[in-house]
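Data first, discussion second: the structure below is written as structure tokens.
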Amino acid sequence: MIAIDTNILVYAHREDSEWHDKSVSALNDLASSGRPWAIAWSSVHEFLAIVTHPRIYSPPTPQEVAFKAIEGWQNSNTLRFLHEGPGYLERLGNLCINAKIAGGRVHDARIAALCLNHGVAELWTADRDFSKFPELKTHNPLVA
């Protein structure tokens, strides 16, 4: 299963992103592949916080529009939303301690822990910070 990181979701949603077309294409290809794919609930929350923030985007995405985007992804019958469950806290702790993660980077560790806990084979992301978690294979679908 492939999971999608927040940045790919934001780029696919925001037409003013230089990575918009490539992100939309990557998501569409994945959603139409018939294979299971995933989004961590924490990435959904971060997506909402970013695209609706007036200091990040001018104009920001209206809440209703942001939720419609999530509903659109949810219409893919192969999409799974990743949530915390048994073993999650231990995995998160191990990732944070082993990689010496603190502060804002804990959010990346949270996504990595969710992916690993749910057996995700690969996380699609444009964020190089995930290299701190060698247990999780990553791929940037926006570059050749």
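In the structure tokens, the first chain shown is A, the next is B, and so on; residue numbers restart at 1 for each chain, and ligands run from 1 in the order shown.
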
Go through stretch 16-53 of chain A residue by residue and, counting only C-alpha atoms, keep those with an atom at most 8 Å from stretch 72-78 of chain A; for each kept residue give the shortest atom pair and its distance in Å to one decimal, ordered by chain and increasing number, as a Markdown table.
| residue | atom | partner | partner_atom | distance |
| --- | --- | --- | --- | --- |
| A:Ala31 | CA | A:Ser76 | CA | 6.2 |
| A:Gly34 | CA | A:Thr78 | CA | 6.5 |
| A:Arg35 | CA | A:Thr78 | CA | 6.4 |
| A:Pro36 | CA | A:Thr78 | CA | 4.7 |
| A:Trp37 | CA | A:Thr78 | CA | 6.2 |

Go ahead and save the residues from that selection, with C-alpha atoms, as a PDB file, in the first residue's frame.
ATOM      1  CA  ALA A  31      -6.641   6.226  -7.170  1.00  0.00           C
ATOM      2  CA  GLY A  34      -7.167  -0.431  -8.231  1.00  0.00           C
ATOM      3  CA  ARG A  35      -4.484  -0.872  -5.569  1.00  0.00           C
ATOM      4  CA  PRO A  36      -5.078   0.174  -1.963  1.00  0.00           C
ATOM      5  CA  TRP A  37      -3.654   3.546  -0.997  1.00  0.00           C
TER       6      TRP A  37
END

**OP:** Considering only C-alpha atoms, return as a ChimeraX atom specification whatever protein or nucleic-acid residues lie within 8 Å of stretch 39-56 of chain A, sequence-local ones (same chain, fewer than 6 positions apart) excluded.
**Re:** /A:3-7,9-10,14,62-63,66-67,70,79-83,110-111,114-115

Subject >> Per-residue DSSP, chain A, filtered to helix (DSSP H, G or I), as number ranges by chain >> reply: A: 6-13, 20-31, 41-51, 63-74, 88-98, 103-117, 128-132

**OP:** Please provide the set of residues having any atom within 7 Å of stretch 89-93 of chain A, restricted to only C-alpha atoms, with same-chain residues fewer than 4 positions apart removed, written as an MDAnalysis selection string.
**Re:** chainID A and resid 97 109:110 113

Original post:
Taking only C-alpha atoms into account, which of A:Ser17, A:Thr125, A:Thr61, A:Asn98 comes nearest A:Pro141?
Top reply: A:Thr125

**OP:** Quick one: everything within 12 Å of A:Lys22, counting only C-alpha atoms, minus sequence neighbours fewer than 2 positions away in the same chain. Send it as number ranges by chain.
**Re:** A: 8-15, 17-20, 24-29, 126, 140-144

May I have the selected residues written with C-alpha atoms, as an mmCIF file, in the first residue's frame?
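Heads up, here's the output in result_16.cif:
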data_model
loop_
_atom_site.group_PDB
_atom_site.id
_atom_site.type_symbol
_atom_site.label_atom_id
_atom_site.label_comp_id
_atom_site.auth_asym_id
_atom_site.auth_seq_id
_atom_site.Cartn_x
_atom_site.Cartn_y
_atom_site.Cartn_z
ATOM 1 C CA ILE A 8 1.258 16.081 -2.112
ATOM 2 C CA LEU A 9 -2.354 16.631 -1.001
ATOM 3 C CA VAL A 10 -1.805 20.377 -0.646
ATOM 4 C CA TYR A 11 -0.119 20.662 -4.051
ATOM 5 C CA ALA A 12 -2.895 18.653 -5.697
ATOM 6 C CA HIS A 13 -5.525 20.878 -4.127
ATOM 7 C CA ARG A 14 -3.953 24.299 -4.624
ATOM 8 C CA GLU A 15 -4.030 25.250 -8.288
ATOM 9 C CA SER A 17 1.135 25.442 -6.625
ATOM 10 C CA GLU A 18 3.928 24.888 -9.141
ATOM 11 C CA TRP A 19 3.521 21.158 -8.372
ATOM 12 C CA HIS A 20 -0.261 21.106 -8.871
ATOM 13 C CA VAL A 24 -3.027 15.713 -9.381
ATOM 14 C CA SER A 25 -1.654 13.266 -11.924
ATOM 15 C CA ALA A 26 0.068 11.180 -9.240
ATOM 16 C CA LEU A 27 -3.085 11.040 -7.098
ATOM 17 C CA ASN A 28 -5.329 10.224 -10.052
ATOM 18 C CA ASP A 29 -3.002 7.465 -11.235
ATOM 19 C CA ALA A 126 8.262 15.779 -1.266
ATOM 20 C CA ASN A 140 8.852 11.740 -4.464
ATOM 21 C CA PRO A 141 6.374 11.363 -7.356
ATOM 22 C CA LEU A 142 6.984 14.982 -8.423
ATOM 23 C CA VAL A 143 10.504 14.445 -9.727
ATOM 24 C CA ALA A 144 11.836 12.090 -12.370
#

**OP:** Write down as a ChimeraX atom specification the residues of stretch 4-143 of chain A whose backbone DSSP state falls under strand (DSSP E or B).
**Re:** /A:4,37-40,79-82,122-124,138-139

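Interatomic distance, atom CA of A:Ser23 against atom CA of A:Ile2: 14.4 Å.
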
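You will find atom CA of A:Val106 at 22.9 Å from atom CA of A:Met1.
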